[in-house]
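Asker: One structure coming up, written as structure tokens, with questions to follow.
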Amino acid sequence: MNKEGMNSYSDTVNELLARYGVRFGIYKNGTFKEQLFPLDIIPRKIGQKEVEYLEKGLKQRVMALNEFIKDIYGEKKIIRNNVIPEEFVYMGSGYLAQCEGVCPAKEIYTHISGIDLVQAKDGQWFVLEDNLRIPSGASYPMIARDICRKSSPAIFEKNAIYENRNYAKMLRKAMDHVNVGGHTVILTPGRYNAAYFEHSYLAEHTGAHLVTGNELVVENDHLYFVDYSGRKEKVGAVYRRISDEYLDPMNFNSESVIGIPHIYDIYRKGNVSLMNAPGNGVADDKGIYYFVPEMISYYLDEEPILHNAPTYLPFYEKDMKYVIENFDDLVLKDVAEAGGYGVVFGQGMTKDEKERFISMLKKEPRRFIAQEVIDFRDIDIFEDGEKVPRKADLRAFVLMAEEPMVWKSGLTRFSRNPDSFIVNSSQGGGFKDTWVLENDLSPTIL
Amino acid sequence: MLRLDYQYNMQLSFAKPVNRHHFTLRCFPADNERQKITYQDINITPSYVGGEETDSFGNHCIYGLIEGEHTDFNVNVSGKAYVYGDVFLPVEPSHRIGMFRYHTGLTDMGPSLYEIYEKLPYKDDIRNDVQKVALQWMNIIYDSIKYVQGITQINTSAEEAAALSMGVCQDYAHIFLALLRHEHIPCRYVVGMMMGEGASHAWIEVSDGEKWIALDPTNNCPVDDRYINISHGRDAKDCTINQGFFYGLPEQLQEIHVVVEESSND
């Protein structure tokens, strides 16, 4: 495709995405703003061999994380065997005492996981973050693929690419697997949520009802969907896109008006499934991330296939020393923050800032992790008629039914700013479709 | 051992009617190693649909929904209990003890708590003899805080109460927990009833790893057979006696009246 062709293809596709309402909302200075989520038309391509490797590694990682959550809210063997210091569990914001002793249907906690990876210049993949609470983003490559196929069918004739619109089927399978009898619903906080487009898109494509909290009611220890005529129908599984704190004012944040009173009580009794399980945040804390390779060895007795970015925990004296000595080469992350907030690069700091940061680090060593800055492999984006290299990551999705399933696609997010490593959509980037090729990387027209 | 009759009455009145009133009640003494409930009668009005459960701390709860409009919510619990004053509750299951070593928002340390902390004796000994040292610490806490009602609220933190040097049983308990947790000693908040007439009471339990040693910092004494346990958790929030959620924004008045006395007849 020539430059003009690409220009017009890009315009067509983005116009269609806008028309379908592909946006995400952000709260800035207290006001809600919706913005378009721009698609870059050059897809990320992942070859067959590479995807086999990623698939194995992702399944292994999610299995271990699921075991970890089960263990933490159950017997706590990993703490008692001194593999993970208990303060990283109990002081983390993701640990919820209300989940102690509660085991969800089929022992599945991590129904939908979003694992963020980056590829280094030498081709090696690193996991940057595990998202086990309510990872979002799958709908964007789904609809992008759909629109791209319609806008330029020729591209897809010439390339053997795995279908990615099957995500809805995989999600339905995961929902049905844990449904305890009744309807399946997707619970959204409402249209002012950052990911409302996704909630409605996934509901439409899975055939689940899209509901808000006030359409659900707990009665006689079961959950019911109340339709427009007041008729009540039983619900067996809730794919909730509301965070734990707001899920149930009787059990979590008592000021929540978007939750459902007593839903947690009947979940505890096994009368409804909640996806993902409440309390999962205990496993995707940035401090716990450090221990995931150890979890894999501990629970599965296997060598970790995927690697973490080299990470240091200032909590350990040895690591603290390393962090102070190599401060300029490291990126520091606040364990309590997400979405690209609370991330600072040692290199960018003035002497004063460094000193202040290090004294804070010494005061609260558990609050931060430090990582080597990975030299990402750049991916081309199409900007102002030119191909220019930019940093990008990949959110891979793993869904759990009888077996973990890895989606043969993913959300590739890139940074608009050529010097930035932060790709979170809340920080102003765009996204790409992720093509998994049915054979090894072959030349394509894009 | 004492044989006690107890009555717990809660009256919640709303100035204007409310509806769709959800509640979770945690005000029901249950059998354990130190108390045996031989009889219990529970009366909740108006009528509701709901259920019963045991929460993650092991506390007995009744929850439900009152759909229609109402201006009163009454809970009456009465019963008889045998209480064994010299028995400590076991740490059961033992792997759940970890969470009780860490601060919650209500027990976070602050400058006023550090001031009390500086006065505490035998810090090096606390791991060897929790019971003995905790009794000494209780003396200091008792002397540092003046019992005054109406100054602190249910969401007053240990630090805030310590800064005022005033509070009620909940504040004494939170301050004690904060100081013990600062030394990494597992301890928990207990709600219960005490012999006499008044409101519900709160105290703490501190663990030596095997058992929970119960101490009442408000009265500066060990907990004995005059005390009936209702619930326990990391802090007062885990033990909320009546959690409510309803439609309507009227003024509300809650009155709690507890009577515990020795049984006169068999």
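We name chains A, B, ... following the order of the structure tokens; residues begin at 1 in each chain, and ligands are numbered from 1 as shown.
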Based on the backbone DSSP call, show me all residues of region 11-151 of chain B assigned helix (DSSP H, G or I), as number ranges by chain.
Answerer: B: 94-101, 105-107, 111-119, 123-125, 130-144
Asker: Could you list, as a VMD selection string, every residue of chain A that has an atom within 6 Å of an atom of chain B, counting only C-alpha atoms?
Answerer: chain A and resid 90 98 100 220
Asker: Can you work out which one of A:Gly430, A:Pro293, A:Pro389, A:Pro278 has the shortest atom-to-atom distance to Met63 (chain A), counting only C-alpha atoms?
Answerer: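 Counting only C-alpha atoms, the residue closest to Met63 (chain A) is A:Pro293.
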Asker: Find the residues around Ser254 (chain A) up to 10 Å (only C-alpha atoms counted), leave out those fewer than 4 positions away in its own chain, and share them as a PyMOL selection string.
Answerer: (chain A and resi 245-250+259+261) or (chain B and resi 243-245)
Asker: Can you tell me, as a list of chain:residue names, what residues are no more than 12 Å from Gln149 (chain B) when counting only C-alpha atoms, ignoring any on the same chain fewer than 4 positions away?
Answerer: B:Ile145, B:Gln153, B:Ile154, B:Ala161, B:Met166, B:Gly167, B:Val168, B:Cys169, B:Gln170, B:Asp171, B:Ala199
Asker: Taking 6 positions as the minimum chain separation for residues in the same chain, which residues sit within 6 Å of region 248-260 of chain B when counting only C-alpha atoms? Answer as a PyMOL selection string.
Answerer: chain B and resi 5-16+18+195-199
Asker: Take the selection from the previous step and output its residues with N, CA, C and O atoms, as a compact mmCIF listing (two decimals), in the first residue's frame.
Answerer:
```
# COMPACT_ATOMS: atom_id res chain seq x y z
N ASP B 5 -27.59 -13.67 82.37
CA ASP B 5 -28.73 -13.36 81.49
C ASP B 5 -28.38 -12.08 80.77
O ASP B 5 -27.89 -11.13 81.39
N TYR B 6 -28.61 -12.05 79.47
CA TYR B 6 -28.28 -10.81 78.75
C TYR B 6 -29.43 -10.37 77.87
O TYR B 6 -30.24 -11.16 77.41
N GLN B 7 -29.46 -9.06 77.68
CA GLN B 7 -30.43 -8.46 76.77
C GLN B 7 -29.73 -7.37 75.99
O GLN B 7 -29.07 -6.50 76.56
N TYR B 8 -29.84 -7.47 74.69
CA TYR B 8 -29.26 -6.44 73.84
C TYR B 8 -30.41 -5.83 73.05
O TYR B 8 -31.10 -6.53 72.32
N ASN B 9 -30.64 -4.53 73.21
CA ASN B 9 -31.72 -3.87 72.48
C ASN B 9 -31.18 -2.70 71.68
O ASN B 9 -30.49 -1.84 72.23
N MET B 10 -31.49 -2.72 70.41
CA MET B 10 -31.12 -1.59 69.57
C MET B 10 -32.39 -1.01 68.96
O MET B 10 -33.21 -1.73 68.41
N GLN B 11 -32.52 0.29 69.06
CA GLN B 11 -33.67 0.97 68.47
C GLN B 11 -33.14 2.04 67.55
O GLN B 11 -32.40 2.93 67.97
N LEU B 12 -33.49 1.92 66.29
CA LEU B 12 -33.08 2.92 65.32
C LEU B 12 -34.35 3.61 64.86
O LEU B 12 -35.27 2.97 64.36
N SER B 13 -34.43 4.94 65.06
CA SER B 13 -35.63 5.65 64.61
C SER B 13 -35.25 6.68 63.57
O SER B 13 -34.24 7.39 63.71
N PHE B 14 -36.06 6.75 62.53
CA PHE B 14 -35.85 7.71 61.46
C PHE B 14 -36.91 8.81 61.58
O PHE B 14 -38.09 8.53 61.82
N ALA B 15 -36.51 10.05 61.36
CA ALA B 15 -37.44 11.17 61.46
C ALA B 15 -38.49 11.13 60.36
O ALA B 15 -39.61 11.58 60.54
N LYS B 16 -38.12 10.59 59.19
CA LYS B 16 -39.07 10.39 58.09
C LYS B 16 -38.91 8.96 57.60
O LYS B 16 -37.86 8.36 57.78
N VAL B 18 -38.09 5.61 55.65
CA VAL B 18 -37.09 5.15 54.69
C VAL B 18 -37.64 3.88 54.04
O VAL B 18 -38.58 3.27 54.55
N MET B 195 -21.10 -7.20 82.35
CA MET B 195 -22.10 -7.22 83.42
C MET B 195 -22.45 -5.79 83.83
O MET B 195 -21.58 -4.95 83.99
N GLY B 196 -23.74 -5.55 83.98
CA GLY B 196 -24.20 -4.21 84.31
C GLY B 196 -25.21 -3.74 83.29
O GLY B 196 -25.76 -4.54 82.52
N GLU B 197 -25.43 -2.46 83.29
CA GLU B 197 -26.43 -1.90 82.40
C GLU B 197 -25.81 -0.74 81.64
O GLU B 197 -25.08 0.07 82.21
N GLY B 198 -26.04 -0.67 80.35
CA GLY B 198 -25.46 0.42 79.56
C GLY B 198 -25.44 0.10 78.09
O GLY B 198 -26.41 -0.42 77.55
N ALA B 199 -24.31 0.41 77.46
CA ALA B 199 -24.17 0.16 76.02
C ALA B 199 -23.36 -1.11 75.80
O ALA B 199 -22.95 -1.78 76.76
```
Asker: Please list as a ChimeraX atom specification every residue within 10 Å of Ser136 (chain A), counting only C-alpha atoms and excluding residues in the same chain fewer than 5 positions away.
Answerer: /A:112-114,131,194-195,198-199,241,395,397,411
Asker: For the residues in the current selection, export N, CA, C and O atoms as an mmCIF file, in the first residue's frame.
Answerer:
```
data_model
loop_
_atom_site.group_PDB
_atom_site.id
_atom_site.type_symbol
_atom_site.label_atom_id
_atom_site.label_comp_id
_atom_site.auth_asym_id
_atom_site.auth_seq_id
_atom_site.Cartn_x
_atom_site.Cartn_y
_atom_site.Cartn_z
ATOM 1 N N ILE A 112 -10.340 -13.666 34.019
ATOM 2 C CA ILE A 112 -9.818 -12.854 32.917
ATOM 3 C C ILE A 112 -8.565 -12.154 33.423
ATOM 4 O O ILE A 112 -8.629 -11.367 34.371
ATOM 5 N N SER A 113 -7.435 -12.469 32.827
ATOM 6 C CA SER A 113 -6.193 -11.815 33.239
ATOM 7 C C SER A 113 -5.636 -11.030 32.070
ATOM 8 O O SER A 113 -5.675 -11.494 30.931
ATOM 9 N N GLY A 114 -5.112 -9.865 32.361
ATOM 10 C CA GLY A 114 -4.425 -9.069 31.339
ATOM 11 C C GLY A 114 -2.971 -8.954 31.742
ATOM 12 O O GLY A 114 -2.655 -8.315 32.740
ATOM 13 N N ASN A 131 -2.429 -7.937 35.505
ATOM 14 C CA ASN A 131 -3.675 -7.243 35.864
ATOM 15 C C ASN A 131 -4.762 -8.280 36.097
ATOM 16 O O ASN A 131 -5.214 -8.927 35.153
ATOM 17 N N ALA A 194 -14.755 4.831 32.377
ATOM 18 C CA ALA A 194 -13.724 4.911 31.343
ATOM 19 C C ALA A 194 -13.896 3.829 30.277
ATOM 20 O O ALA A 194 -13.604 4.035 29.110
ATOM 21 N N ALA A 195 -14.374 2.665 30.671
ATOM 22 C CA ALA A 195 -14.420 1.540 29.742
ATOM 23 C C ALA A 195 -15.848 1.177 29.349
ATOM 24 O O ALA A 195 -16.125 0.032 29.003
ATOM 25 N N GLU A 198 -16.366 -0.672 26.153
ATOM 26 C CA GLU A 198 -16.017 -2.088 26.228
ATOM 27 C C GLU A 198 -17.116 -2.915 26.888
ATOM 28 O O GLU A 198 -17.442 -4.010 26.435
ATOM 29 N N HIS A 199 -17.689 -2.391 27.948
ATOM 30 C CA HIS A 199 -18.742 -3.143 28.646
ATOM 31 C C HIS A 199 -19.888 -3.452 27.688
ATOM 32 O O HIS A 199 -20.383 -4.581 27.629
ATOM 33 N N ARG A 241 -17.676 -5.228 36.196
ATOM 34 C CA ARG A 241 -16.651 -4.263 35.818
ATOM 35 C C ARG A 241 -16.655 -3.132 36.838
ATOM 36 O O ARG A 241 -16.430 -1.977 36.511
ATOM 37 N N ARG A 395 -0.727 -6.098 25.875
ATOM 38 C CA ARG A 395 -1.532 -6.714 26.927
ATOM 39 C C ARG A 395 -2.108 -8.002 26.366
ATOM 40 O O ARG A 395 -2.930 -7.981 25.454
ATOM 41 N N PHE A 397 -4.278 -11.463 26.851
ATOM 42 C CA PHE A 397 -5.431 -11.864 27.662
ATOM 43 C C PHE A 397 -5.466 -13.378 27.826
ATOM 44 O O PHE A 397 -5.335 -14.114 26.854
ATOM 45 N N LEU A 411 -3.909 -6.431 23.077
ATOM 46 C CA LEU A 411 -3.971 -4.981 22.916
ATOM 47 C C LEU A 411 -2.542 -4.449 22.915
ATOM 48 O O LEU A 411 -1.824 -4.577 23.901
#
```
Asker: In Å, how far is it from CA of Ala105 (chain A) to CA of Glu204 (chain A)?
Answerer: 24.9 Å
Asker: Can you work out which one of A:His183, A:Lys33, A:Lys391, A:Arg133 has the shortest atom-to-atom distance to Asp244 (chain A), counting only C-alpha atoms?
Answerer: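 The answer is A:Arg133, which sits nearest to Asp244 (chain A).
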Asker: Please provide as a PyMOL selection string all residues within 10 Å of region 207-216 of chain B, with the sequence filter that same-chain residues fewer than 4 positions apart are discarded (counting only C-alpha atoms).
Answerer: chain B and resi 85+87-92+94+97+100-101+126-131+134-135+138+142+169+172-173+176+185-190+201-203+220-224+227
Asker: When distances are computed from only C-alpha atoms, which of B:Ile62, B:Leu25, B:Ile151, B:Leu4 shows the smallest separation from Ile241 (chain B)?
Answerer: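 Distance minimum relative to Ile241 (chain B) lands on B:Leu25.
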Asker: What gap, in Å, lies between CA of Leu332 (chain A) and CA of Val344 (chain A)?
Answerer: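 So the answer is 5.3 Å.
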